[in-house]
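With compact mmCIF, C-alpha atoms and all ligand atoms inside, this is my_file.txt:
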# COMPACT_ATOMS: atom_id res chain seq x y z
CA MET A 135 -8.13 -81.46 62.64
CA ALA A 136 -10.49 -84.32 61.84
CA LYS A 137 -13.41 -83.45 59.57
CA LEU A 138 -15.73 -84.52 62.44
CA PHE A 139 -14.89 -81.20 64.11
CA GLU A 140 -15.34 -79.02 61.04
CA PRO A 141 -18.41 -76.90 60.36
CA THR A 142 -21.00 -77.84 57.76
CA LYS A 143 -24.58 -77.14 56.76
CA LEU A 144 -27.53 -79.42 57.40
CA GLY A 145 -29.89 -77.95 54.83
CA ASP A 146 -30.59 -74.43 56.14
CA ILE A 147 -28.92 -75.10 59.49
CA ALA A 148 -25.24 -74.12 59.78
CA ILE A 149 -23.48 -76.17 62.44
CA ALA A 150 -20.06 -75.61 64.03
CA ASN A 151 -19.06 -79.30 64.05
CA ARG A 152 -20.51 -82.68 63.12
CA VAL A 153 -20.85 -84.04 66.65
CA VAL A 154 -24.61 -84.17 67.22
CA MET A 155 -26.49 -84.78 70.45
CA ALA A 156 -28.97 -87.59 69.77
CA PRO A 157 -32.59 -87.39 70.97
CA LEU A 158 -32.70 -88.75 74.52
CA THR A 159 -35.80 -89.38 76.63
CA ARG A 160 -35.09 -88.35 80.24
CA ASN A 161 -38.58 -88.01 81.83
CA ARG A 162 -37.80 -84.81 83.70
CA SER A 163 -40.53 -82.46 82.45
CA PRO A 164 -43.55 -82.89 84.74
CA ASN A 165 -46.86 -81.82 83.15
CA ALA A 166 -45.07 -82.01 79.77
CA VAL A 167 -43.56 -78.55 80.36
CA PRO A 168 -39.80 -77.89 80.00
CA ASN A 169 -38.46 -76.30 83.19
CA ASP A 170 -35.32 -74.65 84.64
CA LEU A 171 -33.54 -77.95 85.02
CA ASN A 172 -34.16 -78.82 81.38
CA VAL A 173 -32.83 -75.39 80.34
CA LYS A 174 -29.67 -76.06 82.34
CA TYR A 175 -29.18 -79.55 80.86
CA TYR A 176 -29.49 -78.41 77.25
CA THR A 177 -27.42 -75.27 77.82
CA GLN A 178 -24.59 -77.41 79.24
CA ARG A 179 -24.56 -79.29 75.92
CA ALA A 180 -24.73 -76.28 73.56
CA SER A 181 -21.26 -76.96 72.15
CA ALA A 182 -22.71 -79.89 70.21
CA GLY A 183 -22.82 -79.06 66.50
CA LEU A 184 -26.54 -79.72 66.81
CA ILE A 185 -28.79 -80.70 69.70
CA ILE A 186 -31.76 -82.88 68.83
CA THR A 187 -34.18 -82.59 71.74
CA GLU A 188 -35.65 -85.57 73.48
CA ALA A 189 -38.74 -86.90 71.72
CA THR A 190 -41.50 -84.31 72.24
CA ALA A 191 -45.19 -85.11 71.94
CA ILE A 192 -47.00 -83.16 69.21
CA THR A 193 -50.36 -83.61 70.96
CA HIS A 194 -51.77 -85.01 74.18
CA GLN A 195 -52.73 -88.10 72.15
CA GLY A 196 -49.07 -88.41 71.10
CA GLN A 197 -47.98 -88.78 74.76
CA GLY A 198 -46.86 -92.18 75.95
CA TYR A 199 -44.67 -91.72 79.02
CA ALA A 200 -44.75 -89.83 82.26
CA ASP A 201 -42.93 -86.51 82.42
CA VAL A 202 -41.87 -86.30 78.78
CA PRO A 203 -42.28 -82.85 77.24
CA GLY A 204 -44.90 -81.74 74.77
CA LEU A 205 -45.09 -79.06 72.13
CA TYR A 206 -48.78 -78.30 72.26
CA SER A 207 -49.57 -76.28 75.40
CA LYS A 208 -48.76 -72.58 75.83
CA GLU A 209 -46.77 -73.44 78.93
CA ALA A 210 -44.67 -76.04 77.09
CA LEU A 211 -43.93 -73.65 74.25
CA ALA A 212 -42.88 -70.97 76.74
CA GLY A 213 -40.63 -73.52 78.45
CA TRP A 214 -39.05 -74.55 75.15
CA LYS A 215 -38.52 -70.90 74.20
CA ARG A 216 -36.26 -70.55 77.22
CA VAL A 217 -34.35 -73.63 76.07
CA THR A 218 -33.88 -72.42 72.48
CA ASP A 219 -32.87 -68.92 73.66
CA ALA A 220 -30.30 -70.34 76.08
CA VAL A 221 -28.82 -72.76 73.54
CA HIS A 222 -28.56 -69.99 70.94
CA ALA A 223 -27.03 -67.58 73.46
CA ASN A 224 -24.35 -70.21 73.97
CA GLY A 225 -23.65 -70.58 70.26
CA GLY A 226 -25.55 -73.83 69.71
CA LYS A 227 -28.21 -75.05 67.30
CA ILE A 228 -31.25 -77.06 68.34
CA VAL A 229 -34.03 -78.95 66.57
CA VAL A 230 -36.99 -80.59 68.26
CA GLN A 231 -37.94 -84.21 67.68
CA LEU A 232 -41.64 -84.43 66.75
CA TRP A 233 -43.18 -87.47 68.38
CA HIS A 234 -46.42 -89.36 68.23
CA VAL A 235 -46.09 -92.58 70.21
CA GLY A 236 -49.10 -94.31 68.65
CA ARG A 237 -49.80 -97.48 70.65
CA ILE A 238 -46.79 -97.13 72.95
CA SER A 239 -48.88 -95.42 75.58
CA HIS A 240 -51.20 -96.00 78.46
CA THR A 241 -54.83 -95.01 78.90
CA THR A 242 -53.89 -92.95 81.98
CA LEU A 243 -51.77 -90.71 79.73
CA GLN A 244 -54.39 -90.28 77.02
CA PRO A 245 -57.07 -87.58 76.66
CA ASN A 246 -60.12 -88.68 78.71
CA GLY A 247 -58.38 -91.97 79.55
CA GLY A 248 -59.07 -93.23 76.01
CA LYS A 249 -57.29 -95.92 74.05
CA PRO A 250 -54.03 -94.98 72.37
CA VAL A 251 -54.24 -94.94 68.55
CA SER A 252 -52.22 -96.90 66.02
CA SER A 253 -52.17 -98.54 62.60
CA THR A 254 -53.61 -101.59 64.33
CA SER A 255 -55.72 -102.66 67.30
CA LYS A 256 -53.08 -105.21 68.38
CA THR A 257 -51.41 -104.42 71.69
CA ALA A 258 -47.64 -103.95 71.55
CA LYS A 259 -45.53 -106.34 73.57
CA SER A 260 -43.87 -103.39 75.20
CA LYS A 261 -43.78 -101.28 78.29
CA THR A 262 -44.13 -97.64 79.07
CA TYR A 263 -43.03 -95.62 82.06
CA LEU A 264 -45.43 -94.10 84.57
CA VAL A 265 -44.86 -92.12 87.73
CA ASN A 266 -46.74 -93.40 90.76
CA PRO A 267 -48.60 -91.08 93.14
CA ASP A 268 -45.69 -91.37 95.61
CA GLY A 269 -43.27 -90.04 92.96
CA THR A 270 -41.53 -93.33 92.21
CA GLY A 271 -41.48 -94.55 88.61
CA SER A 272 -42.44 -97.91 87.19
CA PHE A 273 -42.56 -99.65 83.84
CA VAL A 274 -46.03 -100.96 82.95
CA PRO A 275 -47.40 -102.82 79.90
CA THR A 276 -48.73 -100.57 77.13
CA SER A 277 -52.53 -100.39 76.73
CA GLU A 278 -54.60 -101.93 73.96
CA PRO A 279 -54.81 -99.42 71.08
CA ARG A 280 -57.55 -98.73 68.59
CA ALA A 281 -56.79 -98.61 64.87
CA LEU A 282 -57.15 -95.10 63.45
CA GLU A 283 -60.05 -94.65 61.05
CA THR A 284 -58.88 -93.67 57.56
CA SER A 285 -60.78 -90.41 57.99
CA GLU A 286 -58.72 -89.57 61.10
CA ILE A 287 -55.34 -89.72 59.37
CA PRO A 288 -55.44 -86.20 57.87
CA GLY A 289 -55.87 -84.98 61.45
CA ILE A 290 -52.66 -86.74 62.51
CA VAL A 291 -50.79 -85.17 59.58
CA GLU A 292 -52.22 -81.80 60.56
CA ASP A 293 -50.99 -82.31 64.13
CA PHE A 294 -47.44 -82.78 62.81
CA ARG A 295 -47.76 -79.68 60.63
CA LYS A 296 -49.00 -77.54 63.51
CA ALA A 297 -46.25 -78.79 65.80
CA ALA A 298 -43.62 -77.95 63.18
CA ARG A 299 -45.00 -74.41 62.89
CA ALA A 300 -45.04 -74.07 66.68
CA ALA A 301 -41.44 -75.32 66.79
CA ILE A 302 -40.17 -72.65 64.42
CA ASP A 303 -42.21 -69.98 66.22
CA THR A 304 -40.56 -71.15 69.46
CA GLY A 305 -37.07 -70.56 68.11
CA PHE A 306 -36.04 -74.06 67.08
CA ASP A 307 -33.69 -74.22 64.10
CA GLY A 308 -35.75 -77.04 62.66
CA VAL A 309 -37.53 -80.29 63.44
CA GLU A 310 -36.71 -83.98 63.28
CA ILE A 311 -39.75 -86.16 62.54
CA HIS A 312 -39.60 -89.27 64.75
CA GLY A 313 -40.05 -92.10 62.27
CA ALA A 314 -38.15 -94.62 64.38
CA ASN A 315 -38.23 -96.99 67.33
CA GLY A 316 -41.67 -98.50 66.95
CA TYR A 317 -43.72 -95.30 67.41
CA LEU A 318 -46.68 -94.19 65.27
CA ILE A 319 -44.94 -93.66 61.92
CA ASP A 320 -42.98 -96.90 62.37
CA GLN A 321 -46.23 -98.68 63.36
CA PHE A 322 -47.50 -97.84 59.89
CA LEU A 323 -44.26 -98.78 58.13
CA ARG A 324 -43.83 -102.28 59.59
CA ALA A 325 -45.52 -105.21 57.92
CA ASP A 326 -45.61 -107.13 61.21
CA ILE A 327 -47.59 -104.40 62.96
CA ASN A 328 -49.68 -102.71 60.26
CA ASP A 329 -52.70 -104.92 59.45
CA ARG A 330 -54.82 -102.29 57.71
CA ALA A 331 -56.99 -102.88 54.67
CA ASP A 332 -57.14 -99.22 53.55
CA GLN A 333 -54.65 -97.17 51.51
CA TYR A 334 -52.36 -96.98 54.57
CA GLY A 335 -51.80 -100.75 54.83
CA GLY A 336 -50.62 -103.65 52.71
CA SER A 337 -48.00 -102.67 50.15
CA ILE A 338 -44.82 -100.82 51.09
CA GLU A 339 -46.13 -97.81 49.22
CA ASN A 340 -49.26 -97.84 51.39
CA ARG A 341 -47.41 -98.43 54.66
CA ALA A 342 -45.08 -95.51 53.91
CA ARG A 343 -47.95 -93.20 52.95
CA LEU A 344 -48.34 -91.66 56.40
CA LEU A 345 -44.61 -90.94 56.60
CA PHE A 346 -44.64 -89.13 53.27
CA GLU A 347 -47.83 -87.23 54.04
CA VAL A 348 -46.20 -85.99 57.24
CA VAL A 349 -42.97 -85.05 55.43
CA ASP A 350 -45.00 -83.25 52.74
CA ALA A 351 -47.01 -81.27 55.28
CA VAL A 352 -44.04 -80.34 57.46
CA THR A 353 -41.77 -79.33 54.56
CA LYS A 354 -44.53 -77.19 53.05
CA GLU A 355 -45.03 -75.50 56.41
CA ILE A 356 -41.43 -74.78 57.49
CA GLY A 357 -39.24 -75.62 54.46
CA ALA A 358 -37.35 -78.79 53.64
CA GLY A 359 -34.05 -77.27 54.76
CA ARG A 360 -35.35 -77.18 58.33
CA THR A 361 -37.02 -80.61 58.26
CA ALA A 362 -35.26 -83.88 59.10
CA ILE A 363 -36.34 -87.42 59.86
CA ARG A 364 -35.07 -90.30 61.99
CA ILE A 365 -35.50 -93.91 60.95
CA SER A 366 -34.37 -97.15 62.61
CA PRO A 367 -34.64 -99.87 59.94
CA VAL A 368 -33.91 -102.90 62.12
CA THR A 369 -34.52 -101.91 65.70
CA PRO A 370 -36.93 -104.19 67.54
CA ALA A 371 -37.78 -101.41 70.01
CA ASN A 372 -41.41 -101.35 71.07
CA ASP A 373 -42.25 -104.58 69.30
CA ALA A 374 -41.34 -103.28 65.84
CA SER A 375 -40.48 -105.91 63.29
CA ASP A 376 -40.47 -106.44 59.58
CA THR A 377 -39.13 -109.40 57.63
CA ASP A 378 -37.69 -107.27 54.83
CA PRO A 379 -36.44 -103.98 56.23
CA GLN A 380 -33.92 -103.49 53.41
CA THR A 381 -36.63 -103.23 50.74
CA LEU A 382 -38.91 -101.15 52.95
CA PHE A 383 -36.30 -98.58 53.92
CA THR A 384 -34.78 -98.41 50.45
CA TYR A 385 -38.21 -97.32 49.26
CA VAL A 386 -38.38 -94.80 52.13
CA VAL A 387 -34.99 -93.16 51.50
CA GLU A 388 -35.53 -93.09 47.73
CA GLY A 389 -38.79 -91.23 48.37
CA LEU A 390 -37.08 -88.86 50.82
CA ALA A 391 -34.41 -88.05 48.24
CA LYS A 392 -36.62 -85.62 46.35
CA TYR A 393 -37.28 -83.28 49.29
CA GLY A 394 -33.84 -81.80 50.04
CA LEU A 395 -34.30 -82.33 53.78
CA SER A 396 -31.93 -80.92 56.36
CA TYR A 397 -30.66 -84.42 57.18
CA ILE A 398 -31.61 -88.08 57.26
CA HIS A 399 -30.89 -89.72 60.62
CA VAL A 400 -30.34 -93.47 60.53
CA VAL A 401 -30.04 -95.64 63.65
CA GLU A 402 -27.83 -98.58 62.74
CA GLY A 403 -28.87 -101.74 64.55
CA GLN A 404 -30.81 -102.01 67.78
CA THR A 405 -31.33 -98.51 69.18
CA GLY A 406 -28.97 -98.18 72.13
CA GLY A 407 -27.85 -101.78 71.65
CA ALA A 408 -26.25 -104.20 69.19
CA ARG A 409 -25.07 -102.57 65.98
CA ASP A 410 -25.28 -105.88 64.12
CA TYR A 411 -28.89 -106.63 65.16
CA GLN A 412 -30.71 -108.35 62.32
CA GLN A 413 -34.34 -108.52 61.18
CA GLY A 414 -35.29 -110.78 58.31
CA ASP A 415 -32.99 -113.37 56.82
CA LYS A 416 -29.93 -111.27 56.02
CA PRO A 417 -27.80 -108.62 57.70
CA PHE A 418 -28.88 -105.07 56.87
CA ASP A 419 -26.60 -103.38 54.35
CA TRP A 420 -26.21 -99.81 55.65
CA ASP A 421 -23.89 -98.69 52.87
CA ALA A 422 -26.40 -99.94 50.29
CA LEU A 423 -29.10 -97.81 51.95
CA HIS A 424 -26.92 -94.71 51.66
CA ALA A 425 -25.99 -95.61 48.07
CA ALA A 426 -29.67 -96.03 47.15
CA TYR A 427 -30.39 -92.59 48.61
CA LYS A 428 -27.59 -91.00 46.60
CA ALA A 429 -28.54 -92.91 43.44
CA ALA A 430 -32.01 -91.35 43.79
CA SER A 431 -30.23 -87.94 43.76
CA GLY A 432 -30.54 -87.54 47.53
CA LYS A 433 -28.29 -84.71 48.68
CA SER A 434 -29.20 -84.25 52.34
CA ALA A 435 -26.69 -84.76 55.11
CA TRP A 436 -26.53 -88.39 56.26
CA MET A 437 -26.50 -88.68 60.03
CA LEU A 438 -25.57 -92.00 61.63
CA ASN A 439 -26.09 -93.15 65.19
CA ASN A 440 -25.67 -96.01 67.57
CA GLY A 441 -22.68 -96.84 69.71
CA TYR A 442 -20.16 -94.72 67.83
CA THR A 443 -16.78 -94.29 69.50
CA ARG A 444 -14.45 -91.36 68.79
CA GLU A 445 -12.44 -93.44 66.34
CA MET A 446 -15.49 -94.81 64.52
CA ALA A 447 -16.98 -91.32 64.21
CA ILE A 448 -13.79 -89.73 62.91
CA GLU A 449 -13.41 -92.51 60.35
CA ALA A 450 -17.08 -92.50 59.26
CA VAL A 451 -17.04 -88.77 58.54
CA LYS A 452 -13.62 -88.89 56.92
CA SER A 453 -14.64 -91.70 54.56
CA GLY A 454 -17.99 -90.11 53.61
CA LYS A 455 -19.99 -92.95 55.17
CA ALA A 456 -21.64 -90.21 57.24
CA ASP A 457 -21.78 -86.41 57.26
CA THR A 458 -22.52 -86.21 60.98
CA ILE A 459 -22.65 -88.62 63.92
CA ALA A 460 -25.25 -88.50 66.69
CA PHE A 461 -24.07 -89.55 70.15
CA GLY A 462 -26.56 -90.49 72.86
CA LYS A 463 -25.10 -92.05 75.99
CA LEU A 464 -21.80 -90.19 75.57
CA PHE A 465 -23.67 -86.86 75.53
CA ILE A 466 -25.64 -87.72 78.65
CA ALA A 467 -22.44 -88.33 80.60
CA ASN A 468 -20.27 -85.67 78.93
CA PRO A 469 -21.79 -82.21 78.50
CA ASP A 470 -18.53 -81.07 76.86
CA LEU A 471 -18.32 -84.09 74.58
CA VAL A 472 -17.05 -82.10 71.60
CA GLN A 473 -14.06 -80.80 73.57
CA ARG A 474 -13.33 -84.22 75.01
CA LEU A 475 -13.42 -85.87 71.58
CA LYS A 476 -11.21 -83.13 70.12
CA ASP A 477 -8.66 -83.57 72.90
CA ASN A 478 -9.06 -87.34 73.06
CA ALA A 479 -9.70 -86.71 76.77
CA PRO A 480 -11.11 -89.33 79.13
CA LEU A 481 -14.92 -89.68 79.17
CA ASN A 482 -17.21 -89.79 82.20
CA THR A 483 -19.04 -93.04 82.83
CA LEU A 484 -22.79 -93.18 82.33
CA ASP A 485 -24.97 -93.78 85.38
CA THR A 486 -27.77 -95.95 83.98
CA ALA A 487 -29.80 -95.70 87.21
CA THR A 488 -30.56 -92.02 86.57
CA LEU A 489 -31.52 -92.20 82.89
CA TYR A 490 -35.29 -91.94 83.26
CA GLY A 491 -36.90 -89.61 85.77
CA GLY A 492 -35.45 -87.97 88.87
CA GLY A 493 -33.84 -84.59 89.35
CA ALA A 494 -30.50 -82.95 88.63
CA HIS A 495 -28.45 -85.94 89.68
CA GLY A 496 -27.30 -87.92 86.66
CA TYR A 497 -28.80 -85.21 84.45
CA ALA A 498 -27.34 -81.79 84.98
CA ASP A 499 -24.44 -82.67 87.28
CA TYR A 500 -21.99 -84.53 85.04
CA PRO A 501 -18.66 -82.68 85.25
CA THR A 502 -16.90 -80.97 82.35
CA LEU A 503 -13.14 -81.12 81.92
CA GLU A 504 -13.02 -77.57 83.27
CA THR A 505 -14.87 -78.39 86.48
CA VAL A 506 -12.63 -81.43 87.01
CA ALA A 507 -9.48 -79.31 86.54
CA ALA A 508 -10.70 -76.55 88.88
C1 LIG B 1 -36.27 -94.52 75.85
C2 LIG B 1 -37.32 -94.47 76.73
C3 LIG B 1 -38.51 -93.94 76.33
C4 LIG B 1 -38.66 -93.43 75.06
C5 LIG B 1 -37.17 -93.64 71.62
C6 LIG B 1 -38.37 -91.79 72.58
O1 LIG B 1 -36.72 -94.76 71.75
C7 LIG B 1 -37.73 -92.94 72.79
C8 LIG B 1 -37.58 -93.48 74.16
C9 LIG B 1 -36.40 -94.02 74.57
O2 LIG B 1 -37.19 -93.07 70.52
Output the file's structure as structure tokens, nothing else.
Ligand code: 8OZ
Amino acid sequence: MAKLFEPTKLGDIAIANRVVMAPLTRNRSPNAVPNDLNVKYYTQRASAGLIITEATAITHQGQGYADVPGLYSKEALAGWKRVTDAVHANGGKIVVQLWHVGRISHTTLQPNGGKPVSSTSKTAKSKTYLVNPDGTGSFVPTSEPRALETSEIPGIVEDFRKAARAAIDTGFDGVEIHGANGYLIDQFLRADINDRADQYGGSIENRARLLFEVVDAVTKEIGAGRTAIRISPVTPANDASDTDPQTLFTYVVEGLAKYGLSYIHVVEGQTGGARDYQQGDKPFDWDALHAAYKAASGKSAWMLNNGYTREMAIEAVKSGKADTIAFGKLFIANPDLVQRLKDNAPLNTLDTATLYGGGAHGYADYPTLETVAA
């Protein structure tokens, strides 16, 4: 059997195989509260070695899209508890992705209709998703943000810490800090976004300060073996860009090496798109990033993502390029993805029209091999 299907440990989290369900925004949790349909969807996918939940807002301020879940109200935590219980009852493991969108938001989603916060007061050239009063969804430009005051940053770090504590108390096996895709932590990292003059802007060390303060706070609260992080060094998602991502992210992974995190999750290329997407003047060297991490004595599991096929995943884990592979679109369309990959069985096709928002259709009604055979 290929190593992809063998058990391993991600820090303190023992997983049955290395096929991971990537975090996937689906906009099906009205009022930010996980519901019965969400329980069903995650339960259907419990045979994944690990489920990473969809990005989940740590606070109301961290919200940027209609109908995405949160981790801050009593109701949301109760909803998530039903998800973690159901996944565990079905033999799975599940971590929650801790999300602060920063400027990728809209005033109508913010507390008191205020401006979203960021490292900058520049508006992102990006869109967010809102639900109209008649129930239909639409993509709208993100609102103008305000730059966080230096004195407010400890409060953001504290919000991550509290959310991590709430996650463990809600039965999650751990957390994945969302450091990717142009959201708040990435808005601090990127030279082309971050225009601050304080200790959180300017040099790479300063731009990465928020990330490390969050990692420090979360690991102290719940333990490094239950803490992970996702980064996307070259993705242009949400207007994120940097002319020298290789140097920036080498610094980041070298700094992460000392923690002994559960895993480091790296999106190769444009999230959900081209694997060879480039920022700056040279192609990103993914193997060099991994090598730099190991050279800094980094020992955490290395999780790779973006457009992996069965063959690519088997090979990447066999060769040691990755310890685990996270699959997004394939897991949306194939609840029993692990079985299908093991058997080299045909895969269902993804319906892109039902990705964001809606009900069970295109969410909890993709067939398994068993239902097709019956
Ligand atoms: C797709 C649509 C909305 C949000 C990300 C949380 O890119 C997301 C996201 C993806 O990380």
Quick one: which chain A residues come within 6 Å of ligand LIG 1 (chain B), and what is the nearest atom pair for each with the distance in Å to one decimal, counting all atoms listed in the file, rows ordered by chain and ascending number, as a Markdown table?
| residue | atom | partner | partner_atom | distance |
| --- | --- | --- | --- | --- |
| A:Thr159 | CA | B:LIG1 | C8 | 5.1 |
| A:Ala189 | CA | B:LIG1 | C6 | 5.0 |
| A:Asn315 | CA | B:LIG1 | O2 | 5.2 |
Which neighbours of segment 292-304 of chain A fall inside 8 Å, counting all atoms listed in the file, when residues of the same chain fewer than 2 positions from it are skipped, and could you give them as a list in words? Ile192, Thr193, Leu205, Tyr206, Leu211, Ala212, Trp214, Lys215, Thr218, Val230, Leu232, Pro288, Gly289, Ile290, Phe306, Asp307, Gly308, Val309, Val348, Ala351, Val352, Glu355 and Ile356 of chain A
Write out as JSON, numbers by chain which residues come within 7 Å of Arg324 of chain A when counting only C-alpha atoms, dropping same-chain ones fewer than 4 positions away. {"A": [320, 328, 374, 375, 376]}
Could you give me the centre and size, in Å to one decimal, of an axis-aligned box around all listed atoms of segment 225-242 of chain A with 3 Å added on every side, as AutoDock Vina command-line options?
--center_x -39.2 --center_y -84.0 --center_z 74.3 --size_x 37.2 --size_y 32.9 --size_z 21.4
Record the distance separating atom CA of Gln195 of chain A and atom CA of Leu318 of chain A, expressed in Å with one decimal. 11.0 Å
Excluding same-chain residues fewer than 5 positions from segment 266-275 of chain A, what lies within 8 Å of it counting all atoms listed in the file, as a PyMOL selection string? chain A and resi 240+259-261+491
List every residue of segment 423-479 of chain A that has an atom at most 12 Å from any atom of segment 485-488 of chain A, giving for each one its closest atom pair and the distance in Å to one decimal, counting all atoms listed in the file, sorted by chain and then by ascending residue number, as a tab-separated table.
residue	atom	partner	partner_atom	distance
A:Lys463	CA	A:Thr486	CA	9.3
A:Leu464	CA	A:Asp485	CA	10.9
A:Ile466	CA	A:Asp485	CA	9.1
A:Ala467	CA	A:Asp485	CA	7.7
A:Asn468	CA	A:Asp485	CA	11.4
Requested write-out: C-alpha atoms of the selected residues, as a PDB file, in the coordinates of the input:
ATOM      1  CA  LYS A 463     -25.100 -92.050  75.990  1.00  0.00           C
ATOM      2  CA  LEU A 464     -21.800 -90.190  75.570  1.00  0.00           C
ATOM      3  CA  ILE A 466     -25.640 -87.720  78.650  1.00  0.00           C
ATOM      4  CA  ALA A 467     -22.440 -88.330  80.600  1.00  0.00           C
ATOM      5  CA  ASN A 468     -20.270 -85.670  78.930  1.00  0.00           C
TER       6      ASN A 468
END
With the input short on atoms, add N, CA and C atoms back to segment 401-417 of chain A and write it as a JSON list (two decimals), in the frame of the given file.
[["chain", "number", "residue", "atom", "x", "y", "z"],
["A", 401, "VAL", "N", -30.54, -94.86, 62.51],
["A", 401, "VAL", "CA", -30.04, -95.64, 63.65],
["A", 401, "VAL", "C", -29.62, -97.01, 63.11],
["A", 402, "GLU", "N", -28.34, -97.29, 63.24],
["A", 402, "GLU", "CA", -27.83, -98.58, 62.74],
["A", 402, "GLU", "C", -27.94, -99.63, 63.83],
["A", 403, "GLY", "N", -28.74, -100.65, 63.58],
["A", 403, "GLY", "CA", -28.87, -101.74, 64.55],
["A", 403, "GLY", "C", -29.97, -101.48, 65.55],
["A", 404, "GLN", "N", -29.81, -102.10, 66.72],
["A", 404, "GLN", "CA", -30.81, -102.01, 67.78],
["A", 404, "GLN", "C", -30.57, -100.72, 68.56],
["A", 405, "THR", "N", -31.54, -99.82, 68.56],
["A", 405, "THR", "CA", -31.33, -98.51, 69.18],
["A", 405, "THR", "C", -30.77, -98.66, 70.60],
["A", 406, "GLY", "N", -29.61, -98.08, 70.82],
["A", 406, "GLY", "CA", -28.97, -98.18, 72.13],
["A", 406, "GLY", "C", -28.35, -99.53, 72.40],
["A", 407, "GLY", "N", -28.36, -100.43, 71.42],
["A", 407, "GLY", "CA", -27.85, -101.78, 71.65],
["A", 407, "GLY", "C", -26.98, -102.27, 70.50],
["A", 408, "ALA", "N", -27.16, -103.56, 70.15],
["A", 408, "ALA", "CA", -26.25, -104.20, 69.19],
["A", 408, "ALA", "C", -26.30, -103.54, 67.82],
["A", 409, "ARG", "N", -25.14, -103.18, 67.31],
["A", 409, "ARG", "CA", -25.07, -102.57, 65.98],
["A", 409, "ARG", "C", -25.34, -103.58, 64.87],
["A", 410, "ASP", "N", -25.09, -104.87, 65.17],
["A", 410, "ASP", "CA", -25.28, -105.88, 64.12],
["A", 410, "ASP", "C", -26.62, -106.61, 64.27],
["A", 411, "TYR", "N", -27.57, -106.01, 64.98],
["A", 411, "TYR", "CA", -28.89, -106.63, 65.16],
["A", 411, "TYR", "C", -29.53, -106.85, 63.79],
["A", 412, "GLN", "N", -30.17, -107.98, 63.63],
["A", 412, "GLN", "CA", -30.71, -108.35, 62.32],
["A", 412, "GLN", "C", -32.21, -108.60, 62.37],
["A", 413, "GLN", "N", -32.94, -108.11, 61.38],
["A", 413, "GLN", "CA", -34.34, -108.52, 61.18],
["A", 413, "GLN", "C", -34.45, -109.09, 59.78],
["A", 414, "GLY", "N", -35.22, -110.13, 59.61],
["A", 414, "GLY", "CA", -35.29, -110.78, 58.31],
["A", 414, "GLY", "C", -34.15, -111.77, 58.18],
["A", 415, "ASP", "N", -33.92, -112.25, 56.96],
["A", 415, "ASP", "CA", -32.99, -113.37, 56.82],
["A", 415, "ASP", "C", -31.57, -112.95, 56.43],
["A", 416, "LYS", "N", -31.32, -111.66, 56.30],
["A", 416, "LYS", "CA", -29.93, -111.27, 56.02],
["A", 416, "LYS", "C", -29.55, -110.00, 56.77],
["A", 417, "PRO", "N", -28.24, -109.84, 57.00],
["A", 417, "PRO", "CA", -27.80, -108.62, 57.70],
["A", 417, "PRO", "C", -28.18, -107.39, 56.89]]
